[in-house]
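J.: Got a structure for you, questions after.
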Amino acid sequence: MNDLLIPKIKKTLDVIESTCNKLRQEETLDDGEIYHAAKVIERQAQQLLAVTNVTKEMNKDFLVLVAKATEELMASSEADIQHVAERLAISPSMLRRKLSTATDFTPSNYLLHLRIEFSKRYLAQYPEVTIIDTAYRCGFADNSYFTKVFHHFTGMTPLQYIKSEITPPRYVIIFYHADCYCN
């Protein structure tokens with residue numbers, strides 16, 4: 001979960017809990033207090049939503065940059081944390097931290113997943129190209145490792161993927177929420 005949201009969520013829950021406790025202790029439910037408590041909760045929820053929307057946009061922009069850097073580095077087999085971080089002019093630890101916050105993947109698995117998504121697009125676009133060439137193009141030095149990773153992420157081998165009629169993604173941006181996946 002995003003580090004910016006945790007304090008906001010805790011604060012909102014504290015407000016709700018203290019308001020409910022106060023109303024329970026008084027045993028007289030004053031409509032004005034209930035209305036005020038509801039307004040405080042609504043304000044906190046709106047602030048939380050605003051922070052969430054800003055965070056999603058920041059994550060989206062960052063993940064687009066990561067995807068572009070990864071794609072540029074794939075052909076030279078340098079699409080790893082170190083080289084992507086260098087390309088983005090941030091430290092590897094900052095890249096790891098941001099990817100952990102923005103996705104449900106470990107940072108290394110996220111980069112692998114990006115490479116597989118690129119390979120899916122490449123295989124669909126150029127089905128006549130060999131699997132080995134696709135593996136090299138996507139930064140895999142070993143064809144069998146490429147096939148293993150491809151199968152892990154897609155549930156099928158690259159050859160099965162070519163033979164299926166799956167439409168590849170137009171964009172490769174993977175978010176931590178399914179509703180944010182841009183396809």
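For the structure tokens, the naming scheme is as follows: chains receive sequential letters (A, B, ...) according to their order of presentation, residues are indexed from 1 within each chain, and ligands are indexed from 1 in presentation order.
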Give me the residues within 8 Å of A:Val66 as a PyMOL selection string, counting only C-alpha atoms and dropping any in the same chain fewer than 3 places off.
T.: chain A and resi 62-63+69-70+84+88
J.: Choose the residue, out of A:His151, A:Arg115, A:Lys11, A:Lys163, that has the smallest atom-to-atom separation from A:Ile41; count only C-alpha atoms.
T.: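 Among the listed residues, A:Lys11 lies closest to A:Ile41.
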J.: Hey, which of A:Phe140, A:Tyr110, A:Phe146, A:Phe118 ends up closest to A:Leu95? Count only C-alpha atoms.
T.: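 Result for the nearest residue to A:Leu95: A:Tyr110.
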J.: Write out as a ChimeraX atom specification the residues lying within 7 Å of stretch 104-109 of chain A, counting only C-alpha atoms and excluding same-chain residues fewer than 4 positions away.
T.: /A:81,96,99-100,113,176
J.: Write out as a PDB file with N, CA and C atoms, in the first residue's frame the residues lying within 7 Å of A:Met74, counting only C-alpha atoms and excluding same-chain residues fewer than 5 positions away.
T.:
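For reference, result-v6.pdb as written:
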```pdb
ATOM      1  N   ALA A  79      18.266  -4.884 -19.178  1.00  0.00           N
ATOM      2  CA  ALA A  79      16.988  -4.472 -18.590  1.00  0.00           C
ATOM      3  C   ALA A  79      16.874  -5.022 -17.173  1.00  0.00           C
ATOM      4  N   ARG A 137      15.810 -10.400 -28.438  1.00  0.00           N
ATOM      5  CA  ARG A 137      15.278  -9.040 -28.616  1.00  0.00           C
ATOM      6  C   ARG A 137      14.718  -8.490 -27.298  1.00  0.00           C
ATOM      7  N   CYS A 138      14.192  -9.392 -26.470  1.00  0.00           N
ATOM      8  CA  CYS A 138      13.569  -8.978 -25.202  1.00  0.00           C
ATOM      9  C   CYS A 138      14.522  -9.122 -24.017  1.00  0.00           C
ATOM     10  N   GLY A 139      15.808  -9.317 -24.312  1.00  0.00           N
ATOM     11  CA  GLY A 139      16.822  -9.288 -23.260  1.00  0.00           C
ATOM     12  C   GLY A 139      17.077 -10.602 -22.561  1.00  0.00           C
TER      13      GLY A 139
END
```
J.: What does the distance between atom CA of A:Thr157 and atom CA of A:Leu111 come to in Å, to one decimal place?
T.: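 Separation between atom CA of A:Thr157 and atom CA of A:Leu111: 18.9 Å.
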J.: Record the distance separating atom CA of A:Tyr145 and atom CA of A:Leu73, expressed in Å with one decimal.
T.: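 Atom-to-atom, atom CA of A:Tyr145 to atom CA of A:Leu73, that is 18.3 Å.
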J.: Write out as a PyMOL selection string all residues of stretch 3-164 of chain A that backbone DSSP assigns to alpha helix (DSSP H).
T.: chain A and resi 5-26+31-74+81-88+92-102+107-125+131-137+143-154+158-163
J.: At what distance in Å, to one decimal, does atom CA of A:Gln125 lie from atom CA of A:Asp142?
T.: 21.6 Å
J.: Taking into account only C-alpha atoms, which residue in the set A:His152, A:Lys60, A:Arg121, A:Arg87 is nearest to A:Thr103?
T.: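 Ranked by minimum distance to A:Thr103, first place goes to A:Lys60.
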J.: Taking only C-alpha atoms into account, name the residue in A:Thr101, A:Asn21, A:Ser77, A:Ser144 that is nearest to A:Asn59.
T.: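 Ranked by minimum distance to A:Asn59, first place goes to A:Thr101.
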J.: Excluding same-chain residues fewer than 2 positions from A:Thr134, what lies within 10 Å of it counting only C-alpha atoms, as a VMD selection string?
T.: chain A and resid 75 118 to 120 122 to 123 126 to 127 129 to 132 136 to 140 143 146 158
J.: Using only C-alpha atoms, which of A:Ala135, A:Lys39, A:Asp61, A:Gln160 sits nearest A:Ser76?
T.: A:Ala135
